[in-house]
file target34.cif (mmCIF, C-alpha atoms)
data_work
#
loop_
_atom_site.label_atom_id
_atom_site.label_comp_id
_atom_site.auth_asym_id
_atom_site.auth_seq_id
_atom_site.Cartn_x
_atom_site.Cartn_y
_atom_site.Cartn_z
CA MET A 1 -43.88 81.03 37.76
CA SER A 2 -41.09 82.62 39.83
CA GLN A 3 -39.99 86.25 39.39
CA SER A 4 -36.56 85.07 38.19
CA THR A 5 -37.84 83.01 35.28
CA ARG A 6 -41.01 84.60 33.97
CA GLY A 7 -41.88 86.88 31.16
CA THR A 8 -39.99 86.33 27.88
CA LEU A 9 -42.08 83.92 25.84
CA GLY A 10 -45.39 85.68 25.28
CA ARG A 11 -46.12 88.35 22.58
CA PRO A 12 -45.53 88.34 18.78
CA HIS A 13 -43.11 90.81 17.16
CA SER A 14 -41.96 91.64 13.62
CA LEU A 15 -38.43 90.84 12.38
CA THR A 16 -35.56 92.15 10.14
CA ARG A 17 -32.58 90.37 8.45
CA ARG A 18 -28.76 90.58 8.95
CA ARG A 19 -25.57 88.73 8.06
CA PHE A 20 -22.77 87.33 10.13
CA LEU A 21 -19.04 88.00 10.48
CA GLY A 22 -17.27 86.08 13.20
CA TYR A 23 -13.68 86.69 14.23
CA SER A 24 -11.88 85.64 17.37
CA ALA A 25 -9.04 88.10 18.07
CA ALA A 26 -7.35 85.89 20.63
CA ALA A 27 -3.79 86.76 21.54
CA VAL A 28 -1.58 83.66 21.36
CA SER A 29 1.88 83.43 22.86
CA ALA A 30 3.00 80.20 21.21
CA THR A 31 3.97 81.77 17.88
CA SER A 32 7.70 81.50 18.39
CA LEU A 33 7.41 77.77 18.94
CA LEU A 34 5.76 77.31 15.57
CA ALA A 35 8.23 79.04 13.26
CA GLY A 36 10.38 76.77 11.16
CA CYS A 37 12.30 76.49 7.94
CA GLY A 38 11.01 74.91 4.78
CA PRO A 39 11.35 75.12 1.03
CA ASP A 40 9.63 78.12 -0.50
CA SER A 41 9.51 77.03 -4.12
CA SER A 42 6.20 76.22 -5.80
CA LYS A 43 5.42 74.07 -8.80
CA THR A 44 2.42 73.60 -11.01
CA GLY A 45 0.73 70.26 -10.49
CA SER A 46 1.35 67.46 -12.97
CA ALA A 47 0.82 63.72 -13.23
CA SER A 48 3.89 63.22 -11.04
CA THR A 49 2.87 65.74 -8.38
CA GLU A 50 2.16 64.49 -4.87
CA LEU A 51 0.50 66.48 -2.10
CA THR A 52 0.06 65.77 1.59
CA PHE A 53 -3.06 66.78 3.51
CA MET A 54 -3.25 66.48 7.31
CA ASN A 55 -6.92 66.08 8.18
CA GLN A 56 -8.41 66.83 11.60
CA SER A 57 -11.94 65.59 10.91
CA ARG A 58 -12.78 61.90 11.29
CA GLY A 59 -16.31 62.65 10.13
CA GLN A 60 -15.03 63.79 6.73
CA LYS A 61 -12.52 60.96 6.29
CA ASP A 62 -14.63 58.93 3.84
CA ALA A 63 -15.67 61.96 1.82
CA LEU A 64 -12.05 63.06 1.45
CA ALA A 65 -11.02 59.56 0.41
CA LYS A 66 -13.61 59.61 -2.36
CA LEU A 67 -12.64 63.10 -3.46
CA VAL A 68 -8.86 62.59 -3.62
CA LYS A 69 -9.43 59.47 -5.69
CA SER A 70 -11.56 61.46 -8.14
CA TYR A 71 -9.01 64.25 -8.24
CA GLN A 72 -6.18 61.86 -9.10
CA GLU A 73 -8.29 60.32 -11.87
CA GLN A 74 -8.99 63.79 -13.30
CA THR A 75 -5.56 65.39 -12.95
CA GLY A 76 -3.01 62.71 -12.13
CA VAL A 77 -2.10 64.58 -8.93
CA ARG A 78 -1.92 62.26 -5.96
CA VAL A 79 -3.09 63.59 -2.59
CA THR A 80 -2.18 61.55 0.48
CA VAL A 81 -4.50 62.26 3.39
CA ASP A 82 -3.24 61.76 6.94
CA ASN A 83 -6.41 61.33 9.00
CA VAL A 84 -5.05 62.38 12.38
CA GLY A 85 -8.38 62.97 14.09
CA PRO A 86 -9.45 65.79 16.44
CA VAL A 87 -7.67 64.56 19.58
CA ASP A 88 -4.15 64.29 18.15
CA PHE A 89 -4.35 66.99 15.49
CA PRO A 90 -3.27 70.05 17.58
CA THR A 91 -0.21 68.29 19.02
CA LYS A 92 0.87 66.78 15.72
CA LEU A 93 0.43 70.05 13.81
CA GLN A 94 2.49 71.94 16.37
CA SER A 95 5.18 69.27 16.28
CA LYS A 96 5.40 69.43 12.50
CA SER A 97 5.62 73.22 12.56
CA GLN A 98 8.49 73.08 15.04
CA SER A 99 10.40 70.58 12.92
CA GLY A 100 9.70 72.46 9.69
CA ASP A 101 8.07 69.35 8.21
CA MET A 102 4.64 70.81 7.57
CA PRO A 103 2.21 69.15 5.12
CA ASP A 104 1.25 70.90 1.90
CA ILE A 105 -2.31 71.30 3.17
CA TYR A 106 -3.77 71.00 6.66
CA SER A 107 -7.18 71.40 8.28
CA ALA A 108 -8.15 74.92 9.30
CA LEU A 109 -9.98 75.25 12.59
CA LEU A 110 -11.42 78.38 14.22
CA VAL A 111 -9.49 81.57 13.57
CA ALA A 112 -8.30 81.84 17.18
CA ASP A 113 -6.79 78.34 16.98
CA MET A 114 -4.92 79.16 13.78
CA ILE A 115 -3.41 82.50 14.82
CA PRO A 116 -0.01 81.00 15.83
CA TYR A 117 0.38 79.37 12.41
CA TYR A 118 -0.62 82.56 10.61
CA LYS A 119 1.91 84.59 12.60
CA ALA A 120 4.63 82.01 11.97
CA GLY A 121 4.10 82.15 8.22
CA TRP A 122 2.69 78.64 7.83
CA ALA A 123 -0.50 79.70 6.00
CA LEU A 124 -0.71 81.23 2.54
CA ASP A 125 -2.68 84.47 2.28
CA LEU A 126 -5.42 83.65 -0.22
CA SER A 127 -6.82 87.18 -0.50
CA SER A 128 -5.56 87.82 -4.02
CA GLU A 129 -6.86 84.45 -5.23
CA LEU A 130 -10.26 85.21 -3.74
CA LYS A 131 -10.63 88.41 -5.74
CA GLY A 132 -11.11 86.35 -8.88
CA ASP A 133 -13.46 83.57 -9.99
CA TRP A 134 -12.75 81.48 -6.90
CA LYS A 135 -14.77 83.93 -4.81
CA LYS A 136 -18.01 82.61 -6.28
CA ASN A 137 -17.49 79.30 -4.45
CA PHE A 138 -18.13 80.97 -1.09
CA ALA A 139 -21.12 82.60 0.50
CA SER A 140 -20.09 86.08 1.64
CA THR A 141 -20.52 84.81 5.18
CA ALA A 142 -17.83 82.19 4.73
CA LEU A 143 -15.27 84.73 3.54
CA GLU A 144 -16.18 87.23 6.25
CA LEU A 145 -15.78 84.60 8.93
CA ALA A 146 -12.30 83.68 7.74
CA THR A 147 -11.05 87.25 7.26
CA ILE A 148 -8.37 88.65 9.56
CA PRO A 149 -9.34 92.33 9.75
CA GLU A 150 -7.22 95.45 10.00
CA GLY A 151 -6.19 96.32 13.53
CA ASN A 152 -6.76 92.82 14.93
CA ALA A 153 -5.53 92.29 18.48
CA SER A 154 -3.29 89.37 17.51
CA GLY A 155 -1.01 91.38 15.26
CA VAL A 156 -1.62 89.21 12.20
CA LYS A 157 -1.33 90.86 8.80
CA PRO A 158 -4.89 91.34 7.45
CA GLY A 159 -5.90 88.69 4.97
CA ILE A 160 -7.68 85.39 4.39
CA TYR A 161 -5.50 82.43 5.33
CA SER A 162 -7.97 79.57 5.04
CA ALA A 163 -10.63 78.27 2.66
CA HIS A 164 -13.71 76.64 4.20
CA TRP A 165 -16.23 74.34 2.58
CA GLU A 166 -18.39 74.22 5.73
CA ILE A 167 -20.32 76.66 7.91
CA GLN A 168 -21.34 75.58 11.41
CA LEU A 169 -24.71 76.82 12.64
CA TRP A 170 -26.46 76.33 15.98
CA GLY A 171 -30.15 75.58 16.25
CA LEU A 172 -32.73 72.87 16.86
CA LEU A 173 -32.91 69.22 15.80
CA ARG A 174 -36.41 67.69 16.00
CA ASN A 175 -37.48 64.04 15.97
CA THR A 176 -40.42 64.06 13.56
CA THR A 177 -41.84 60.75 14.79
CA ALA A 178 -41.91 61.96 18.40
CA TYR A 179 -43.66 65.13 17.26
CA LYS A 180 -46.27 63.26 15.22
CA ASP A 181 -46.92 60.70 17.99
CA ALA A 182 -47.81 63.60 20.27
CA GLY A 183 -50.12 65.11 17.66
CA VAL A 184 -47.69 67.96 16.90
CA ASP A 185 -46.85 69.07 13.36
CA PRO A 186 -43.01 69.02 13.03
CA GLY A 187 -43.18 71.05 9.84
CA LYS A 188 -45.18 73.95 11.24
CA ASP A 189 -43.49 77.33 11.02
CA LEU A 190 -42.99 78.72 14.50
CA ALA A 191 -43.80 82.42 14.75
CA THR A 192 -42.44 82.81 18.28
CA THR A 193 -40.95 80.87 21.15
CA LYS A 194 -44.45 80.68 22.62
CA ASP A 195 -45.45 78.39 19.74
CA TRP A 196 -42.26 76.39 20.30
CA VAL A 197 -42.91 75.94 24.03
CA ASP A 198 -46.52 74.97 23.32
CA GLN A 199 -45.25 72.20 21.03
CA LEU A 200 -42.69 71.01 23.58
CA THR A 201 -45.36 71.05 26.30
CA ALA A 202 -47.66 68.82 24.24
CA ILE A 203 -44.83 66.38 23.55
CA SER A 204 -43.79 66.42 27.22
CA LYS A 205 -47.29 65.50 28.31
CA HIS A 206 -47.33 62.66 25.80
CA SER A 207 -43.91 61.31 26.81
CA GLY A 208 -44.24 62.07 30.51
CA ASN A 209 -40.55 62.95 30.67
CA GLY A 210 -39.95 66.25 28.90
CA ALA A 211 -39.12 66.95 25.27
CA PHE A 212 -36.04 69.20 25.06
CA LEU A 213 -32.35 68.91 25.96
CA VAL A 214 -29.26 71.09 25.73
CA ALA A 215 -25.82 70.28 27.09
CA ALA A 216 -24.41 72.62 29.74
CA SER A 217 -21.41 73.24 27.49
CA LEU A 218 -23.71 74.55 24.74
CA THR A 219 -25.88 76.75 26.97
CA PRO A 220 -23.66 79.80 26.25
CA TYR A 221 -24.64 79.47 22.57
CA LEU A 222 -28.31 79.08 23.48
CA LEU A 223 -28.05 82.15 25.71
CA GLN A 224 -26.35 84.06 22.88
CA THR A 225 -29.11 82.94 20.49
CA PHE A 226 -31.81 84.28 22.80
CA ALA A 227 -29.85 87.48 23.50
CA ALA A 228 -30.00 88.44 19.82
CA ASN A 229 -33.71 89.12 20.31
CA TRP A 230 -32.83 92.28 22.27
CA LEU A 231 -29.13 93.00 21.73
CA THR A 232 -27.33 94.10 18.59
CA ASP A 233 -24.20 92.32 17.41
CA ALA A 234 -22.14 95.29 18.60
CA GLU A 235 -23.68 95.02 22.08
CA ILE A 236 -23.01 91.27 22.26
CA THR A 237 -19.43 91.83 21.09
CA ALA A 238 -18.95 94.53 23.72
CA THR A 239 -20.20 92.19 26.44
CA PHE A 240 -17.80 89.44 25.37
CA ALA A 241 -14.98 92.01 25.33
CA GLY A 242 -15.81 93.12 28.86
CA THR A 243 -16.84 96.67 27.95
CA ALA A 244 -20.59 96.15 28.45
CA PRO A 245 -22.23 94.43 31.44
CA TRP A 246 -23.66 90.94 31.53
CA THR A 247 -26.31 92.32 33.87
CA ALA A 248 -27.88 94.33 31.02
CA ASP A 249 -31.58 93.81 30.44
CA GLY A 250 -31.06 91.89 27.18
CA TRP A 251 -28.96 89.23 28.89
CA ARG A 252 -31.43 89.00 31.76
CA LYS A 253 -34.28 88.39 29.32
CA ALA A 254 -32.19 85.84 27.43
CA LEU A 255 -31.45 83.84 30.57
CA GLN A 256 -35.09 84.12 31.61
CA ALA A 257 -36.01 82.59 28.24
CA ILE A 258 -34.08 79.49 29.28
CA GLY A 259 -35.78 79.72 32.66
CA ASP A 260 -39.15 79.74 30.90
CA LEU A 261 -38.30 76.34 29.41
CA VAL A 262 -37.60 75.10 32.93
CA GLU A 263 -40.86 76.53 34.26
CA ALA A 264 -42.78 74.95 31.38
CA GLY A 265 -41.51 71.53 32.47
CA VAL A 266 -40.20 70.61 29.00
CA ILE A 267 -36.60 69.75 29.95
CA VAL A 268 -35.96 65.99 29.78
CA ASN A 269 -35.49 64.63 33.30
CA LYS A 270 -35.77 68.25 34.52
CA ALA A 271 -31.97 68.66 34.39
CA ILE A 272 -29.26 70.09 32.12
CA PRO A 273 -26.56 67.45 31.49
CA GLY A 274 -22.99 68.47 32.39
CA GLY A 275 -19.50 67.03 32.52
CA ASN A 276 -16.89 66.32 29.85
CA ASP A 277 -19.25 64.16 27.80
CA ASP A 278 -22.36 66.31 28.20
CA ASN A 279 -23.02 67.01 24.54
CA PRO A 280 -22.14 63.47 23.34
CA ASN A 281 -24.64 62.25 25.92
CA VAL A 282 -27.28 64.68 24.67
CA GLU A 283 -26.66 63.55 21.10
CA LYS A 284 -26.92 59.92 22.23
CA SER A 285 -30.25 60.74 23.85
CA PHE A 286 -31.49 62.19 20.56
CA PHE A 287 -29.94 59.90 17.94
CA ASN A 288 -29.62 56.56 19.73
CA VAL A 289 -31.96 56.33 22.72
CA GLN A 290 -34.44 58.80 21.19
CA ASP A 291 -35.89 59.90 24.51
CA ALA A 292 -35.34 63.60 23.70
CA ALA A 293 -37.70 64.84 21.00
CA SER A 294 -35.64 67.96 20.36
CA ILE A 295 -32.13 69.21 21.17
CA PHE A 296 -30.12 72.40 20.72
CA ASP A 297 -26.91 71.58 18.87
CA ALA A 298 -24.62 72.60 16.02
CA SER A 299 -25.06 71.48 12.41
CA VAL A 300 -22.04 69.19 12.81
CA ALA A 301 -24.29 66.94 14.90
CA VAL A 302 -25.84 65.69 11.67
CA GLY A 303 -22.51 64.04 10.83
CA VAL A 304 -22.37 62.59 14.34
CA GLY A 305 -25.81 61.10 13.83
CA ARG A 306 -24.81 59.53 10.54
CA ALA A 307 -21.79 57.93 12.19
CA THR A 308 -23.43 56.71 15.38
CA ALA A 309 -27.04 56.04 14.31
CA PRO A 310 -27.03 55.71 10.49
CA ASP A 311 -30.52 54.19 10.40
CA PHE A 312 -32.11 57.15 12.20
CA THR A 313 -32.98 59.80 9.64
CA ASP A 314 -36.46 60.84 10.77
CA TYR A 315 -35.51 64.29 12.03
CA THR A 316 -35.29 67.86 10.77
CA SER A 317 -33.51 71.04 11.81
CA ALA A 318 -34.70 74.58 12.44
CA ALA A 319 -33.64 77.90 13.91
CA VAL A 320 -34.71 78.87 17.41
CA PRO A 321 -37.76 81.11 16.82
CA ALA A 322 -38.01 84.72 17.93
CA THR A 323 -39.26 85.65 21.38
CA PRO A 324 -42.63 87.44 21.37
CA ASP A 325 -41.20 90.71 22.74
CA ALA A 326 -38.07 90.82 20.56
CA THR A 327 -36.80 94.27 19.65
CA GLN A 328 -34.18 92.92 17.21
CA LYS A 329 -34.41 90.34 14.44
CA PRO A 330 -32.93 87.24 16.14
CA ARG A 331 -29.83 85.88 14.39
CA ALA A 332 -28.44 82.37 14.66
CA VAL A 333 -25.03 81.66 16.16
CA GLY A 334 -22.57 80.39 13.56
CA ASN A 335 -18.92 80.02 12.67
CA ILE A 336 -16.58 78.68 10.02
CA GLY A 337 -16.45 74.89 9.89
CA LYS A 338 -14.00 72.54 8.23
CA GLY A 339 -11.60 73.92 5.65
CA ALA A 340 -7.91 74.04 4.78
CA CYS A 341 -4.76 76.12 5.06
CA ILE A 342 -1.99 75.91 2.46
CA ASN A 343 1.68 75.78 3.46
CA PRO A 344 3.43 78.60 1.53
CA LYS A 345 6.82 76.96 2.18
CA GLY A 346 5.84 73.68 0.53
CA LYS A 347 7.26 72.25 -2.69
CA ASN A 348 3.96 72.32 -4.60
CA VAL A 349 2.17 75.48 -3.54
CA ASP A 350 0.40 76.10 -6.84
CA ALA A 351 -0.77 72.49 -6.97
CA ALA A 352 -2.02 72.73 -3.39
CA VAL A 353 -3.99 75.89 -4.21
CA ALA A 354 -5.49 74.19 -7.26
CA PHE A 355 -6.61 71.19 -5.19
CA VAL A 356 -8.18 73.31 -2.44
CA LYS A 357 -9.97 75.38 -5.08
CA TRP A 358 -11.32 72.16 -6.56
CA LEU A 359 -12.53 70.98 -3.13
CA THR A 360 -14.70 74.08 -2.81
CA GLU A 361 -16.42 73.76 -6.18
CA PRO A 362 -20.16 72.86 -6.29
CA ASP A 363 -19.71 69.19 -7.26
CA GLN A 364 -17.32 68.55 -4.39
CA ALA A 365 -19.42 70.62 -2.01
CA LYS A 366 -22.32 68.31 -2.88
CA VAL A 367 -20.20 65.26 -1.97
CA PHE A 368 -19.45 66.76 1.45
CA ALA A 369 -23.10 67.68 1.94
CA ASP A 370 -24.36 64.24 0.89
CA MET A 371 -21.81 62.12 2.74
CA VAL A 372 -21.27 64.23 5.86
CA GLY A 373 -24.50 66.19 6.10
CA LEU A 374 -22.68 69.47 6.69
CA VAL A 375 -23.87 72.96 5.76
CA PRO A 376 -21.82 73.90 2.68
CA ALA A 377 -20.14 77.28 2.29
CA ASN A 378 -20.71 77.23 -1.48
CA PRO A 379 -23.84 79.28 -2.30
CA ALA A 380 -24.56 77.15 -5.36
CA LEU A 381 -26.05 74.58 -2.98
CA LYS A 382 -29.34 75.90 -1.68
CA SER A 383 -31.06 74.69 1.47
CA ASP A 384 -33.66 72.91 -0.66
CA ASP A 385 -30.85 70.87 -2.24
CA LEU A 386 -29.69 69.53 1.10
CA ALA A 387 -30.92 66.71 3.26
CA PRO A 388 -33.82 67.75 5.56
CA GLN A 389 -31.55 67.08 8.53
CA SER A 390 -29.38 70.05 7.50
CA SER A 391 -31.61 72.30 5.41
CA GLY A 392 -33.38 74.05 8.26
CA LEU A 393 -30.07 75.24 9.69
CA ALA A 394 -28.61 76.00 6.25
CA ALA A 395 -31.50 78.39 5.65
CA GLN A 396 -29.95 80.66 8.31
CA LEU A 397 -26.70 81.27 6.40
CA ASN A 398 -27.59 84.90 5.69
CA ASN A 399 -29.07 85.48 9.12
CA ILE A 400 -26.29 84.88 11.62
CA GLN A 401 -24.58 87.07 14.14
CA VAL A 402 -21.63 89.40 13.52
CA ILE A 403 -19.54 88.86 16.65
CA ARG A 404 -15.91 90.04 16.71
CA THR A 405 -14.87 88.75 20.14
CA PRO A 406 -15.31 85.21 21.53
CA PHE A 407 -16.67 84.06 24.88
CA SER A 408 -13.99 83.85 27.54
CA SER A 409 -13.50 80.36 28.96
CA ASP A 410 -14.34 81.65 32.44
CA THR A 411 -17.72 83.06 31.44
CA ARG A 412 -18.55 79.94 29.44
CA ALA A 413 -17.98 77.76 32.48
CA VAL A 414 -20.07 79.95 34.77
CA ILE A 415 -22.93 80.14 32.28
CA GLY A 416 -22.95 76.34 31.95
CA SER A 417 -23.02 75.71 35.70
CA GLY A 418 -25.45 78.58 36.19
CA VAL A 419 -28.01 77.17 33.76
CA GLN A 420 -27.71 73.80 35.48
CA ALA A 421 -28.52 75.54 38.78
CA LEU A 422 -31.38 77.41 37.10
CA ALA A 423 -32.89 74.12 35.94
CA LEU A 424 -32.70 72.79 39.50
CA LYS A 425 -34.13 76.12 40.79
CA GLU A 426 -31.09 76.62 42.98
CA LYS A 427 -30.20 80.08 41.65
CA THR A 428 -32.06 83.03 40.16
CA VAL A 429 -31.35 84.72 36.85
CA ASP A 430 -29.90 87.79 38.56
CA GLN A 431 -27.60 85.71 40.77
CA ILE A 432 -26.24 83.84 37.75
CA LEU A 433 -25.60 86.98 35.71
CA ALA A 434 -23.79 88.58 38.64
CA GLU A 435 -21.52 85.51 38.77
CA VAL A 436 -20.93 85.71 35.02
CA GLN A 437 -19.98 89.38 35.38
CA THR A 438 -17.48 88.48 38.09
CA ALA A 439 -16.01 85.75 35.89
CA GLN A 440 -15.70 88.26 33.01
CA LYS A 441 -13.62 90.59 35.19
CA LYS A 442 -11.33 87.73 36.27
CA SER A 443 -10.75 86.70 32.66
CA LYS A 444 -9.11 90.03 31.74
#
call {"tool": "encode", "arguments": {"input": "target34.cif", "output": "C-alpha cells"}}
result
Amino acid sequence: MSQSTRGTLGRPHSLTRRRFLGYSAAAVSATSLLAGCGPDSSKTGSASTELTFMNQSRGQKDALAKLVKSYQEQTGVRVTVDNVGPVDFPTKLQSKSQSGDMPDIYSALLVADMIPYYKAGWALDLSSELKGDWKKNFASTALELATIPEGNASGVKPGIYSAHWEIQLWGLLRNTTAYKDAGVDPGKDLATTKDWVDQLTAISKHSGNGAFLVAASLTPYLLQTFAANWLTDAEITATFAGTAPWTADGWRKALQAIGDLVEAGVIVNKAIPGGNDDNPNVEKSFFNVQDAASIFDASVAVGVGRATAPDFTDYTSAAVPATPDATQKPRAVGNIGKGACINPKGKNVDAAVAFVKWLTEPDQAKVFADMVGLVPANPALKSDDLAPQSSGLAAQLNNIQVIRTPFSSDTRAVIGSGVQALALKEKTVDQILAEVQTAQKKSK
C-alpha cells in the first residue's frame, strides 16, 4: 500500500450522537430581477377555491396527482399542478417572478437556490405558523435545515420560508442478492469501515470486477462523510468558508479513506466515473445492469430506481460506517429535500397554507414515502415503517452534520477530478488536497 493511501481503515473506536442543521448562505445578485407586483389579499379556501402549484419534481408527479385528487374530494379545493420538471423549473420560476404571475405554491429547492425569491418577497414566512401544532409534522432537523438564521450573509430576514416533506441523506445502497451470492451477509451491522472493506473485498473476488462505485460528482459528499470521523461540524464549516485549511489532518485522513478503497481493489472497473452523466451512469450500473454491488448515493436515488428499474427491489440502504481510528462520531451528510414555498401575494394565501399543511401530515407523508421512496420529514413515520430501500438512510435523521456553509463549485470540481486521479494512482492525497486548497482561494 502506498504512503499516500494507507492507514485509515483499521482500528475500532467508540461513537457519540449529534443532529444536523444545514444552511447555505450564498449571496445572490439576481434579486432585483425577481421582484414583481401581485395581489396581496388572502382568502379562506372553499369549494370554489382554486390553487396553482408549480412542481419541480418529476419523481413526485404521480404522488402529487393522487394527493390533490384526495384533497379536492375532502375539501372541495381544486389544486392544479404544473409539472414543469427539474430542467425547465428554474427558468420558468424566474420568468413568472419577473412578470408578477407567480403560482400560489411552488417547489422549494435548497436554501441557496431560493434566496432570490425570499429577498424579493415571493415566499411567505411560515415561522409563526410553525410555532403551533403544525410543528409536530416536522423532525427538528427539517425545520433547522430550512431556517434562515440571524446574521446570514445573504441579508434575508430570519425566518422559515419553506415547508419540506422530504429529507435527503447520503449513504450506501447495497444489492442484497450480490452480497448473498458472494457469501456476505447484507444485514450485518458494520462496526467500522474495516468490516465494510472486508465485505466489498469478498464480493469483488466473487465478481472479479470490484463491488463499489461512486460518481466523481458525489465524491465531495463521500469525502465530507469520511471527514466527520475526525472533524467537528464547526471545523468542516470553517474549511468550506475558507478560514481553515483543506490540508488539515482530518481531510488528509478522509481522502486516504477513499484511497484505501482503491488500494483494496474494490472499485468497479478500477475507475471513478466522471462527466455530466456520471451519477446517472452509476445508478444505471446499480439498478439496471447490476454490476455494482454497492454505490454511494443520496436517498433520492430510491425514486430513480423505482422509475427506471421498478422490478428491482432487492436492495437496502445504510450509513457509511465509522473509521477504526475516528475521534468524532461520524455524521451523515444530509439536506432538505422536496417541499413548497407559498406566494404571499397570491389570491388564496390562507388556502395555500392549509393545503401545504395537509401535505405534511402523516397520512400524506406515507403516500410520498410509499410511492416515491423518499425519506419523510414527518417524525411520525419511523424508519421501520419505511421500505427497506429507504429505512437504513432514514435511521440517520438525527445523526447528520451541522454545516452552515456549502462547498464552493471550484473545490467540488477539483475534488471530483482529484479522486478520479487517485483511483488511477496518478496523484497522491497530499497533491490533491493542495490543489483543493488552491481552488478554495480562487473561489473567494
call {"tool": "closest_atom_pairs", "arguments": {"input": "target34.cif", "of": "stretch 145-178 of chain A", "to": "stretch 388-403 of chain A", "cutoff": "9 Å", "atoms": "only C-alpha atoms", "output": "JSON lines"}}
result
{"residue": "A:Leu145", "atom": "CA", "partner": "A:Val402", "partner_atom": "CA", "distance": 8.9}
{"residue": "A:Ile167", "atom": "CA", "partner": "A:Leu397", "partner_atom": "CA", "distance": 8.0}
{"residue": "A:Gln168", "atom": "CA", "partner": "A:Leu393", "partner_atom": "CA", "distance": 8.9}
{"residue": "A:Leu169", "atom": "CA", "partner": "A:Leu393", "partner_atom": "CA", "distance": 6.3}
{"residue": "A:Trp170", "atom": "CA", "partner": "A:Leu393", "partner_atom": "CA", "distance": 7.3}
{"residue": "A:Gly171", "atom": "CA", "partner": "A:Leu393", "partner_atom": "CA", "distance": 6.6}
{"residue": "A:Leu172", "atom": "CA", "partner": "A:Leu393", "partner_atom": "CA", "distance": 8.0}
{"residue": "A:Leu173", "atom": "CA", "partner": "A:Gln389", "partner_atom": "CA", "distance": 7.7}
{"residue": "A:Arg174", "atom": "CA", "partner": "A:Gln389", "partner_atom": "CA", "distance": 8.9}
call {"tool": "atom_distance", "arguments": {"input": "target34.cif", "atom1": "atom CA of A:Ala298", "atom2": "atom CA of A:Trp230"}}
result
22.2 Å
call {"tool": "closest_residue", "arguments": {"input": "target34.cif", "among": "A:Ala241, A:Val302, A:Met54, A:Leu67", "to": "A:Gly85", "atoms": "all atoms listed in the file"}}
result
A:Met54
call {"tool": "residues_around", "arguments": {"input": "target34.cif", "residues": "A:Met371", "least_positions_apart": "5", "cutoff": "12 Å", "atoms": "all atoms listed in the file", "output": "list in words"}}
result
Gly59, Gln60, Lys61, Asp62, Ala63, Leu64, Ala65, Lys66, Leu67, Val302, Gly303, Val304, Gly305, Arg306, Ala307, Pro310, Gln364, Ala365, Lys366, Pro376, Leu386, Ala387 and Ser390 of chain A
call {"tool": "atom_distance", "arguments": {"input": "target34.cif", "atom1": "atom CA of A:Gly274", "atom2": "atom CA of A:Leu422"}}
result
13.1 Å
call {"tool": "resolve_selection", "arguments": {"input": "target34.cif", "expression": "the PyMOL selection byres ((chain A and resi 443) around 8)", "output": "VMD selection string"}}
result
chain A and resid 408 to 411 439 to 442 444
call {"tool": "resolve_selection", "arguments": {"input": "target34.cif", "expression": "the PyMOL selection byres ((chain A and resi 295) around 7)", "output": "number ranges by chain"}}
result
A: 172-174, 212-214, 292, 294, 296-297
call {"tool": "closest_residue", "arguments": {"input": "target34.cif", "among": "A:Ile115, A:Ser107, A:Glu263, A:Glu361", "to": "A:Asp133", "atoms": "only C-alpha atoms"}}
result
A:Glu361
call {"tool": "atom_distance", "arguments": {"input": "target34.cif", "atom1": "atom CA of A:Leu109", "atom2": "atom CA of A:Ser162"}}
result
8.9 Å
call {"tool": "residues_around", "arguments": {"input": "target34.cif", "residues": "A:Tyr161", "least_positions_apart": "3", "cutoff": "6 Å", "atoms": "only C-alpha atoms", "output": "number ranges by chain"}}
result
A: 123-126
call {"tool": "residues_near_point", "arguments": {"input": "target34.cif", "point": "(-27.1, 81.6, 26.9)", "cutoff": "10 Å", "atoms": "all atoms listed in the file", "output": "list in words"}}
result
Ala216, Leu218, Thr219, Pro220, Tyr221, Leu222, Leu223, Gln224, Thr225, Phe226, Ala227, Trp251, Arg252, Ala254, Leu255, Gln256, Ala257, Ile258, Arg412, Ile415, Gly416, Gly418 and Val419 of chain A
call {"tool": "resolve_selection", "arguments": {"input": "target34.cif", "expression": "the PyMOL selection byres ((chain A and resi 248) around 12)", "output": "list of chain:residue names"}}
result
A:Ala227, A:Trp230, A:Leu231, A:Glu235, A:Ile236, A:Ala238, A:Thr239, A:Thr243, A:Ala244, A:Pro245, A:Trp246, A:Thr247, A:Asp249, A:Gly250, A:Trp251, A:Arg252, A:Lys253, A:Ala254, A:Leu255, A:Val429, A:Asp430, A:Leu433, A:Ala434, A:Val436, A:Gln437
call {"tool": "closest_residue", "arguments": {"input": "target34.cif", "among": "A:Ala293, A:Met114, A:Leu130, A:Ala146", "to": "A:Tyr179", "atoms": "only C-alpha atoms"}}
result
A:Ala293
call {"tool": "closest_residue", "arguments": {"input": "target34.cif", "among": "A:Lys157, A:Lys69, A:Asp370, A:Ala191", "to": "A:Pro321", "atoms": "all atoms listed in the file"}}
result
A:Ala191
call {"tool": "residues_around", "arguments": {"input": "target34.cif", "residues": "A:Val68", "least_positions_apart": "2", "cutoff": "10 Å", "atoms": "all atoms listed in the file", "output": "VMD selection string"}}
result
chain A and resid 63 to 66 70 to 74 77 to 81 355 359
call {"tool": "write_last_selection", "arguments": {"input": "target34.cif", "atoms": "C-alpha atoms", "output": "PDB file, in the frame of the given file"}}
result
ATOM      1  CA  ALA A  63     -15.670  61.960   1.820  1.00  0.00           C
ATOM      2  CA  LEU A  64     -12.050  63.060   1.450  1.00  0.00           C
ATOM      3  CA  ALA A  65     -11.020  59.560   0.410  1.00  0.00           C
ATOM      4  CA  LYS A  66     -13.610  59.610  -2.360  1.00  0.00           C
ATOM      5  CA  SER A  70     -11.560  61.460  -8.140  1.00  0.00           C
ATOM      6  CA  TYR A  71      -9.010  64.250  -8.240  1.00  0.00           C
ATOM      7  CA  GLN A  72      -6.180  61.860  -9.100  1.00  0.00           C
ATOM      8  CA  GLU A  73      -8.290  60.320 -11.870  1.00  0.00           C
ATOM      9  CA  GLN A  74      -8.990  63.790 -13.300  1.00  0.00           C
ATOM     10  CA  VAL A  77      -2.100  64.580  -8.930  1.00  0.00           C
ATOM     11  CA  ARG A  78      -1.920  62.260  -5.960  1.00  0.00           C
ATOM     12  CA  VAL A  79      -3.090  63.590  -2.590  1.00  0.00           C
ATOM     13  CA  THR A  80      -2.180  61.550   0.480  1.00  0.00           C
ATOM     14  CA  VAL A  81      -4.500  62.260   3.390  1.00  0.00           C
ATOM     15  CA  PHE A 355      -6.610  71.190  -5.190  1.00  0.00           C
ATOM     16  CA  LEU A 359     -12.530  70.980  -3.130  1.00  0.00           C
TER      17      LEU A 359
END
